[in-house]
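*Asks:* If it helps, the file is called model_35.txt and holds compact mmCIF, C-alpha atoms:
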# COMPACT_ATOMS: atom_id res chain seq x y z
CA MET A 1 -140.79 79.59 -14.58
CA GLY A 2 -144.46 80.55 -14.86
CA PRO A 3 -144.76 80.33 -18.66
CA PHE A 4 -143.13 76.88 -18.72
CA LEU A 5 -145.40 75.60 -15.94
CA LYS A 6 -148.42 77.10 -17.71
CA GLN A 7 -147.54 75.10 -20.82
CA VAL A 8 -147.22 71.84 -18.86
CA CYS A 9 -150.60 72.48 -17.24
CA LEU A 10 -152.27 73.26 -20.58
CA GLU A 11 -150.80 70.15 -22.18
CA SER A 12 -152.29 68.15 -19.33
CA GLY A 13 -155.75 69.53 -20.09
CA ALA A 14 -155.98 72.03 -17.23
CA SER A 15 -157.38 75.55 -17.28
CA VAL A 16 -154.81 78.01 -15.96
CA LEU A 17 -154.91 81.25 -13.99
CA GLY A 18 -151.54 82.90 -13.47
CA ILE A 19 -151.01 85.73 -11.00
CA ASP A 20 -148.06 88.07 -10.61
CA VAL A 21 -147.29 91.62 -9.53
CA CYS A 22 -146.43 92.62 -13.11
CA GLU A 23 -147.43 91.66 -16.62
CA PRO A 24 -145.69 88.63 -18.19
CA LEU A 25 -142.61 89.30 -20.33
CA GLU A 26 -144.06 87.13 -23.09
CA PRO A 27 -147.69 86.95 -24.31
CA TRP A 28 -149.79 84.91 -21.84
CA ALA A 29 -151.67 82.87 -24.45
CA ASN A 30 -154.47 80.33 -23.85
CA ALA A 31 -154.71 81.09 -20.14
CA SER A 32 -156.08 83.70 -17.75
CA PHE A 33 -153.87 86.21 -15.97
CA GLU A 34 -154.46 88.62 -13.10
CA ARG A 35 -152.15 91.08 -11.42
CA CYS A 36 -152.03 90.34 -7.71
CA ASP A 37 -149.55 90.70 -4.88
CA VAL A 38 -149.67 87.72 -2.50
CA ARG A 39 -149.50 90.24 0.33
CA ASP A 40 -152.98 91.44 -0.72
CA PHE A 41 -155.16 89.00 1.21
CA SER A 42 -158.48 90.38 -0.04
CA LEU A 43 -157.64 90.24 -3.74
CA LEU A 44 -155.93 86.86 -3.44
CA SER A 45 -159.02 85.41 -1.74
CA LYS A 46 -161.31 86.84 -4.42
CA LEU A 47 -159.24 85.30 -7.21
CA ILE A 48 -159.15 81.90 -5.54
CA SER A 49 -162.90 82.02 -4.93
CA ARG A 50 -163.63 83.05 -8.53
CA PHE A 51 -161.32 80.53 -10.20
CA GLY A 52 -161.91 77.56 -7.85
CA PRO A 53 -158.54 75.85 -8.42
CA GLN A 54 -157.99 72.14 -7.93
CA ARG A 55 -154.21 72.60 -7.89
CA ILE A 56 -152.19 75.60 -6.74
CA PHE A 57 -148.50 75.96 -7.58
CA HIS A 58 -147.19 78.52 -5.10
CA LEU A 59 -144.15 80.05 -6.81
CA ALA A 60 -144.61 83.69 -5.73
CA ALA A 61 -141.49 84.98 -3.97
CA GLN A 62 -138.80 87.56 -3.60
CA SER A 63 -136.21 85.07 -4.76
CA TYR A 64 -132.86 86.87 -4.76
CA PRO A 65 -130.52 86.38 -1.77
CA THR A 66 -128.68 89.62 -2.55
CA VAL A 67 -131.93 91.60 -2.55
CA SER A 68 -132.91 89.99 0.74
CA MET A 69 -129.79 91.40 2.36
CA GLU A 70 -130.99 94.89 1.47
CA LYS A 71 -134.72 94.25 1.98
CA PRO A 72 -135.09 91.58 4.68
CA LEU A 73 -138.52 92.69 5.90
CA GLU A 74 -139.99 92.85 2.40
CA THR A 75 -138.54 89.42 1.64
CA VAL A 76 -140.12 87.86 4.73
CA GLU A 77 -143.44 89.63 4.12
CA ILE A 78 -143.64 88.26 0.58
CA ASN A 79 -142.28 84.77 1.12
CA LEU A 80 -143.65 83.91 4.54
CA GLY A 81 -146.52 86.40 4.81
CA GLY A 82 -147.68 85.64 1.27
CA THR A 83 -147.74 81.92 2.05
CA ILE A 84 -149.82 82.53 5.17
CA ASN A 85 -152.22 84.65 3.10
CA LEU A 86 -152.61 81.80 0.61
CA TYR A 87 -153.41 79.21 3.27
CA GLU A 88 -155.65 81.55 5.26
CA SER A 89 -157.58 82.26 2.05
CA LEU A 90 -158.11 78.53 1.59
CA ARG A 91 -159.22 78.20 5.22
CA GLU A 92 -161.66 81.13 4.95
CA LEU A 93 -163.10 79.74 1.72
CA ALA A 94 -163.29 76.21 3.19
CA THR A 95 -161.62 74.78 0.10
CA LYS A 96 -158.80 72.27 -0.08
CA PRO A 97 -157.01 72.19 -3.43
CA MET A 98 -153.68 70.47 -3.82
CA VAL A 99 -150.93 72.99 -2.99
CA VAL A 100 -147.38 72.53 -4.27
CA VAL A 101 -145.06 74.95 -2.46
CA ALA A 102 -141.83 76.01 -4.16
CA CYS A 103 -139.31 75.95 -1.32
CA SER A 104 -135.55 76.37 -1.72
CA SER A 105 -132.17 74.71 -1.33
CA ALA A 106 -131.13 78.00 0.34
CA GLU A 107 -132.81 76.65 3.47
CA TYR A 108 -129.88 74.30 4.09
CA GLY A 109 -127.11 76.91 4.13
CA PRO A 110 -123.51 75.66 4.09
CA VAL A 111 -123.23 71.85 4.05
CA ALA A 112 -120.07 69.91 4.91
CA ALA A 113 -118.51 67.92 2.09
CA GLU A 114 -119.28 64.62 3.81
CA ASP A 115 -123.01 65.51 3.85
CA LEU A 116 -123.23 66.23 0.11
CA PRO A 117 -125.44 65.77 -1.77
CA VAL A 118 -127.66 67.03 1.03
CA ARG A 119 -130.77 65.09 2.08
CA GLU A 120 -134.12 66.43 3.22
CA THR A 121 -133.35 65.43 6.83
CA HIS A 122 -130.32 67.73 7.06
CA PRO A 123 -130.56 70.67 9.52
CA LEU A 124 -131.75 73.97 8.06
CA ARG A 125 -129.13 76.69 8.63
CA PRO A 126 -129.70 79.43 6.05
CA LEU A 127 -127.08 82.12 5.42
CA HIS A 128 -129.28 85.07 4.46
CA PRO A 129 -132.79 86.51 4.96
CA TYR A 130 -134.01 84.86 1.75
CA GLY A 131 -133.06 81.43 3.11
CA VAL A 132 -134.66 82.23 6.47
CA SER A 133 -137.87 83.32 4.74
CA LYS A 134 -137.99 80.06 2.78
CA VAL A 135 -137.50 78.02 5.95
CA GLY A 136 -140.49 79.88 7.37
CA GLN A 137 -142.53 79.23 4.24
CA ASP A 138 -141.56 75.56 4.26
CA LEU A 139 -142.46 74.97 7.90
CA ILE A 140 -145.67 77.02 7.91
CA SER A 141 -146.87 75.07 4.87
CA SER A 142 -146.24 71.85 6.77
CA GLN A 143 -148.24 73.19 9.72
CA TYR A 144 -151.25 73.99 7.56
CA PHE A 145 -151.25 70.39 6.38
CA ILE A 146 -150.88 69.01 9.91
CA ASN A 147 -153.40 71.32 11.60
CA TYR A 148 -155.96 71.92 8.84
CA GLN A 149 -155.41 69.01 6.45
CA ILE A 150 -154.89 71.27 3.43
CA PRO A 151 -153.22 68.95 0.88
CA THR A 152 -149.62 70.10 0.58
CA VAL A 153 -146.37 68.94 -0.97
CA ARG A 154 -143.20 70.99 -0.45
CA VAL A 155 -140.45 70.99 -3.07
CA ARG A 156 -136.99 72.27 -2.15
CA ILE A 157 -135.74 73.53 -5.49
CA PHE A 158 -132.03 73.59 -6.28
CA ASN A 159 -130.44 75.97 -8.79
CA THR A 160 -132.60 76.16 -11.89
CA THR A 161 -132.15 78.11 -15.08
CA GLY A 162 -133.33 78.26 -18.66
CA PRO A 163 -134.26 80.55 -21.58
CA GLY A 164 -136.15 83.58 -20.31
CA LYS A 165 -135.05 83.25 -16.71
CA LEU A 166 -133.51 86.40 -15.27
CA GLY A 167 -131.19 87.16 -12.39
CA ASP A 168 -129.45 83.82 -11.84
CA VAL A 169 -125.80 83.07 -12.56
CA CYS A 170 -126.38 81.32 -15.91
CA SER A 171 -128.72 84.05 -17.09
CA ASP A 172 -126.27 86.78 -16.15
CA LEU A 173 -123.30 85.01 -17.74
CA THR A 174 -125.07 84.15 -20.99
CA LYS A 175 -126.39 87.71 -21.29
CA ARG A 176 -122.94 89.21 -20.76
CA ALA A 177 -121.44 86.80 -23.30
CA ILE A 178 -123.99 87.77 -25.96
CA GLU A 179 -123.45 91.45 -25.20
CA ILE A 180 -119.78 90.87 -26.05
CA GLU A 181 -120.69 88.83 -29.15
CA ALA A 182 -123.11 91.55 -30.34
CA GLY A 183 -120.61 94.37 -29.74
CA ILE A 184 -122.73 95.93 -26.99
CA ASN A 185 -119.91 95.33 -24.53
CA LYS A 186 -116.85 96.48 -26.45
CA GLY A 187 -114.34 95.73 -23.69
CA GLY A 188 -114.32 92.00 -24.35
CA PHE A 189 -114.35 91.13 -20.64
CA LEU A 190 -117.05 89.00 -19.06
CA ARG A 191 -117.63 90.06 -15.45
CA ALA A 192 -118.13 87.35 -12.83
CA GLY A 193 -118.08 86.92 -9.07
CA ASN A 194 -116.86 83.86 -7.20
CA LEU A 195 -115.44 81.50 -9.84
CA MET A 196 -115.04 78.54 -7.48
CA SER A 197 -118.57 78.15 -6.08
CA ARG A 198 -120.24 74.99 -7.37
CA ARG A 199 -123.92 74.41 -8.09
CA ALA A 200 -126.07 71.55 -9.32
CA ILE A 201 -127.90 73.41 -12.09
CA GLY A 202 -131.07 72.05 -13.65
CA ASP A 203 -133.24 73.18 -16.55
CA VAL A 204 -136.48 75.01 -15.73
CA ARG A 205 -138.35 72.77 -18.17
CA ASP A 206 -137.36 69.71 -16.14
CA LEU A 207 -138.36 71.50 -12.95
CA VAL A 208 -141.88 72.35 -14.06
CA ARG A 209 -142.43 68.72 -15.01
CA ALA A 210 -141.35 67.87 -11.48
CA LEU A 211 -143.83 70.34 -9.98
CA TRP A 212 -146.66 68.85 -12.01
CA VAL A 213 -145.91 65.26 -11.06
CA ALA A 214 -145.43 66.32 -7.42
CA ALA A 215 -149.06 67.46 -7.41
CA GLY A 216 -150.22 64.08 -8.62
CA ARG A 217 -147.80 61.63 -7.03
CA GLY A 218 -146.16 63.35 -4.07
CA GLU A 219 -147.02 62.11 -0.59
CA LEU A 220 -149.14 64.70 1.20
CA GLY A 221 -147.26 66.60 3.87
CA GLU A 222 -143.86 65.52 2.58
CA VAL A 223 -140.89 67.59 1.45
CA TYR A 224 -138.67 66.69 -1.51
CA ASN A 225 -135.39 67.89 -2.97
CA VAL A 226 -135.64 68.52 -6.72
CA GLY A 227 -132.70 69.45 -8.91
CA ALA A 228 -129.93 68.28 -11.21
CA ALA A 229 -127.36 65.66 -10.27
CA ASP A 230 -124.20 67.18 -11.75
CA THR A 231 -122.44 70.19 -10.20
CA TYR A 232 -120.48 72.89 -12.05
CA SER A 233 -118.23 75.68 -10.89
CA VAL A 234 -118.81 79.19 -12.21
CA GLN A 235 -115.50 78.87 -14.05
CA GLU A 236 -116.74 75.69 -15.76
CA LEU A 237 -119.94 77.48 -16.79
CA ILE A 238 -117.91 80.33 -18.29
CA ASP A 239 -115.69 77.87 -20.18
CA ALA A 240 -118.77 76.12 -21.59
CA ILE A 241 -120.29 79.45 -22.66
CA ARG A 242 -116.98 80.59 -24.22
CA ALA A 243 -117.01 77.52 -26.46
CA LYS A 244 -120.49 78.41 -27.75
CA VAL A 245 -120.21 82.13 -28.57
CA ARG A 246 -118.85 83.56 -31.79
CA VAL A 247 -116.15 85.88 -30.43
CA PRO A 248 -113.43 85.37 -27.82
CA PHE A 249 -113.58 86.99 -24.41
CA GLU A 250 -111.68 87.06 -21.15
CA THR A 251 -113.08 86.73 -17.64
CA GLN A 252 -112.84 89.60 -15.18
CA GLN A 253 -113.71 89.05 -11.53
CA ASP A 254 -115.81 91.89 -10.14
CA PRO A 255 -115.81 92.43 -6.35
CA ALA A 256 -119.31 93.91 -6.64
CA LEU A 257 -120.58 90.48 -7.72
CA MET A 258 -119.09 88.66 -4.73
CA ARG A 259 -121.57 87.75 -1.99
CA ALA A 260 -120.72 88.44 1.63
CA SER A 261 -122.01 84.94 2.46
CA ASP A 262 -122.06 82.21 -0.14
CA GLU A 263 -122.43 78.44 0.08
CA PRO A 264 -119.32 76.90 -1.56
CA VAL A 265 -121.30 73.93 -2.94
CA ILE A 266 -125.06 73.47 -3.41
CA ALA A 267 -126.17 69.99 -4.43
CA GLY A 268 -129.13 67.89 -3.32
CA ASP A 269 -129.90 64.20 -3.05
CA THR A 270 -133.09 63.81 -5.10
CA THR A 271 -133.48 60.04 -4.59
CA LYS A 272 -136.62 60.44 -2.48
CA PHE A 273 -138.45 62.43 -5.16
CA ARG A 274 -137.22 60.39 -8.11
CA THR A 275 -138.32 57.17 -6.41
CA ARG A 276 -141.74 58.43 -5.33
CA CYS A 277 -142.65 60.37 -8.48
CA SER A 278 -140.76 58.49 -11.24
CA TRP A 279 -139.08 61.71 -12.36
CA ASN A 280 -135.64 62.29 -13.83
CA PRO A 281 -134.14 65.39 -15.46
CA LYS A 282 -133.89 65.05 -19.24
CA ILE A 283 -132.22 68.24 -20.50
CA PRO A 284 -128.40 68.43 -20.25
CA LEU A 285 -126.75 71.71 -19.29
CA SER A 286 -125.19 72.05 -22.75
CA ILE A 287 -128.66 72.25 -24.35
CA THR A 288 -129.84 74.66 -21.65
CA LEU A 289 -126.92 77.02 -22.36
CA ASP A 290 -127.50 76.79 -26.14
CA ASP A 291 -131.15 77.79 -25.67
CA MET A 292 -130.27 80.61 -23.25
CA LEU A 293 -127.65 82.07 -25.54
CA GLU A 294 -130.07 82.03 -28.46
CA TRP A 295 -132.80 83.62 -26.31
CA TRP A 296 -130.46 86.48 -25.43
CA ARG A 297 -129.37 86.87 -29.08
CA VAL A 298 -132.98 87.41 -30.12
CA ARG A 299 -133.88 89.61 -27.16
CA LEU A 300 -130.81 91.86 -27.32
CA ALA A 301 -131.11 92.20 -31.11
CA ALA A 302 -134.72 93.34 -30.70
CA THR A 303 -133.70 95.81 -27.97
CA THR A 304 -130.92 97.22 -30.15
CA LEU A 305 -133.30 97.67 -33.11
CA ALA A 306 -135.85 99.41 -30.92
CA SER A 307 -133.27 101.79 -29.48
CA ASN A 308 -131.96 102.65 -32.96
CA ALA A 309 -135.43 103.23 -34.43
Step by step, read the file and then write its structure as C-alpha cells.
*Replies:*
Amino acid sequence: MGPFLKQVCLESGASVLGIDVCEPLEPWANASFERCDVRDFSLLSKLISRFGPQRIFHLAAQSYPTVSMEKPLETVEINLGGTINLYESLRELATKPMVVVACSSAEYGPVAAEDLPVRETHPLRPLHPYGVSKVGQDLISSQYFINYQIPTVRVRIFNTTGPGKLGDVCSDLTKRAIEIEAGINKGGFLRAGNLMSRRAIGDVRDLVRALWVAAGRGELGEVYNVGAADTYSVQELIDAIRAKVRVPFETQQDPALMRASDEPVIAGDTTKFRTRCSWNPKIPLSITLDDMLEWWRVRLAATTLASNA
C-alpha cells in the first residue's frame, strides 16, 4: 500500500517520508525513507520532529489475523501500542498534523445477513487478536482527538488487494496460479482454504485515493467504512483467475489454509464516506486480477532466472 500512497502524495505536490521496519520491495524513488518500528518511541519522535509532517497516514500494523493467533501480544503492541506512540509523540512535540488512521473491517467480526452491508454504527465484536487490536487502535485514536484535539479521521478498510500486495487471498491465489502456469508447481492443483467465504474486495489504488481525500475532506473525529461494493466468494475468485491464466488447473482445498474463526461475509456500507468525500472506486476486480497476475509473472520469472544463474 505504501508505494501507491506515496505516488498519490507526490502527484498532489507533497514531500514524502515513508517509514517501515524493513526496506521497500521496490525502489523508493523521489521520496525519503527511514527504517523505524512504531514501537520505538524515541526514534519515531525524532523522525516526526525532523520531518515536520502536515499529514500522517498511519498504516503501520501487524495485519494478518492468522499471525495474530500465534502472536497476540506482538500484534497488540504494534497495532495499539504503536498508535499510542504516534499520538504521544505528537503530544510531546506539541504538533497537530492531520492523522488518517487505517483501521479495519475486522473490528466488526461476524455480521448477520440482515445487517449487511455493515454500517459504522454496528457493534464491534472481533473474532481474533488482530481485530481486537484494531478496535483498540480505532478507539484510542478517537480519544486523542476528543481529549487533545489532534486532528484525526479513522478509516475502516475492507478487503483490499492489488499488484505487489502480499499475504491476502487474491495475492496468494494469483501467485499459486502463476506458479502452475510457469511450471514451478507441477502438480496442477491450486491450494485454497474456505471456498464459500465472501468478501467485498477493492483495489489498493482506489484505497489510497480514499486515504488522501479523507485527509482533506473527512470530518475530524469521524470514522468511515471504505471498500468495494461487490462481494465475491473465494470460489468465484478462483474461477475468474482460471479464465485468465494460460494453463488449466484444478482446485484443492487445504485444511492448513482454513481459519479456526472466519467471518462468512465481509462487506461494508460506504455511503457515509462516499457522500462526505465524493469518492467512488474506479478499478473493477477483473483489471485488478489482470495486473496482479502480470506482476507475479514478472516477479516469479526474475526469481527463477536468479536461482538458475
*Asks:* Kindly give the distance, in Å, that separates CA of Val265 in chain A and CA of Asp172 in chain A, rounded to a single decimal.
*Replies:*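 Rounded to one decimal, the two atoms are 19.1 Å apart.
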*Asks:* Which polymer residues have any atom within 10 Å of an atom of range 85-101 of chain A, counting only C-alpha atoms, with same-chain residues fewer than 4 positions away left out, as a PyMOL selection string?
*Replies:* chain A and resi 38-49+52-60+78+80-81+137-138+140-142+144-145+148-157+211-212+214-216+218+220+223
*Asks:* What lies within 9 Å of Val245 in chain A using all atoms listed in the file, ignoring chain neighbours under 6 positions off, as a list of chain:residue names?
*Replies:* A:Ala177, A:Ile178, A:Glu181, A:Leu293
*Asks:* Could you work out how far CA of Ile266 in chain A lies from CA of Ala200 in chain A, giving the answer in Å with one decimal?
*Replies:*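 CA of Ala200 in chain A sits 6.3 Å away from CA of Ile266 in chain A.
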*Asks:* Choose the residue, out of A:Asp206, A:Glu74, A:Glu263, A:Glu23, that has the smallest atom-to-atom separation from Ala113 in chain A; count all atoms listed in the file.
*Replies:*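 Among the listed residues, A:Glu263 lies closest to Ala113 in chain A.
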*Asks:* Just checking: using only C-alpha atoms, which residue out of A:Phe33, A:Phe189, A:Tyr232, A:Tyr130 ends up closest to Cys103 in chain A?
*Replies:*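 Counting only C-alpha atoms, the residue closest to Cys103 in chain A is A:Tyr130.
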*Asks:* My list of candidates is A:Gly227, A:Gly131, A:Pro264, A:Pro284. Which is closest to Asn159 in chain A when distances are computed with only C-alpha atoms?
*Replies:* A:Gly227
*Asks:* Considering all atoms listed in the file, state which residue in the set A:Thr161, A:Asn147, A:Ser105, A:Asn280 is at the smallest distance from Asn225 in chain A.
*Replies:*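 Result for the nearest residue to Asn225 in chain A: A:Ser105.
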*Asks:* Would you compute the distance between CA of Gly136 in chain A and CA of Val204 in chain A? Give it in Å to one decimal.
*Replies:*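 Distance reported for this atom pair: 23.9 Å.
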*Asks:* Using all atoms listed in the file, pick whichever of A:Thr66, A:Gln253, A:Asn79, A:Ser32 has the shortest atom-to-atom distance to Gly18 in chain A.
*Replies:*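 The closest residue to Gly18 in chain A is A:Ser32.
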*Asks:* Within 7 Å of Met196 in chain A, counting all atoms listed in the file, which residues qualify if same-chain residues fewer than 4 places away don't, as a PyMOL selection string?
*Replies:* chain A and resi 233-235
*Asks:* Compute the distance from (-144.6, 72.6, -15.8) to each atom, counting all atoms listed in the file, keep the residues with any atom at most 10 Å away, and return them as a PyMOL selection string; use the coordinates of the file.
*Replies:* chain A and resi 1-12+57+204-213
*Asks:* Can those selected residues be exported to a file as a PDB file, in the coordinates of the input so that it contains C-alpha atoms?
*Replies:*
ATOM      1  CA  MET A   1    -140.790  79.590 -14.580  1.00  0.00           C
ATOM      2  CA  GLY A   2    -144.460  80.550 -14.860  1.00  0.00           C
ATOM      3  CA  PRO A   3    -144.760  80.330 -18.660  1.00  0.00           C
ATOM      4  CA  PHE A   4    -143.130  76.880 -18.720  1.00  0.00           C
ATOM      5  CA  LEU A   5    -145.400  75.600 -15.940  1.00  0.00           C
ATOM      6  CA  LYS A   6    -148.420  77.100 -17.710  1.00  0.00           C
ATOM      7  CA  GLN A   7    -147.540  75.100 -20.820  1.00  0.00           C
ATOM      8  CA  VAL A   8    -147.220  71.840 -18.860  1.00  0.00           C
ATOM      9  CA  CYS A   9    -150.600  72.480 -17.240  1.00  0.00           C
ATOM     10  CA  LEU A  10    -152.270  73.260 -20.580  1.00  0.00           C
ATOM     11  CA  GLU A  11    -150.800  70.150 -22.180  1.00  0.00           C
ATOM     12  CA  SER A  12    -152.290  68.150 -19.330  1.00  0.00           C
ATOM     13  CA  PHE A  57    -148.500  75.960  -7.580  1.00  0.00           C
ATOM     14  CA  VAL A 204    -136.480  75.010 -15.730  1.00  0.00           C
ATOM     15  CA  ARG A 205    -138.350  72.770 -18.170  1.00  0.00           C
ATOM     16  CA  ASP A 206    -137.360  69.710 -16.140  1.00  0.00           C
ATOM     17  CA  LEU A 207    -138.360  71.500 -12.950  1.00  0.00           C
ATOM     18  CA  VAL A 208    -141.880  72.350 -14.060  1.00  0.00           C
ATOM     19  CA  ARG A 209    -142.430  68.720 -15.010  1.00  0.00           C
ATOM     20  CA  ALA A 210    -141.350  67.870 -11.480  1.00  0.00           C
ATOM     21  CA  LEU A 211    -143.830  70.340  -9.980  1.00  0.00           C
ATOM     22  CA  TRP A 212    -146.660  68.850 -12.010  1.00  0.00           C
ATOM     23  CA  VAL A 213    -145.910  65.260 -11.060  1.00  0.00           C
TER      24      VAL A 213
END
*Asks:* With all atoms listed in the file as the atoms that count, which of A:Asn185, A:Arg198, A:Pro65, A:Gly221 lies nearest to Leu139 in chain A?
*Replies:*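 Among the listed residues, the smallest separation from Leu139 in chain A belongs to A:Gly221.
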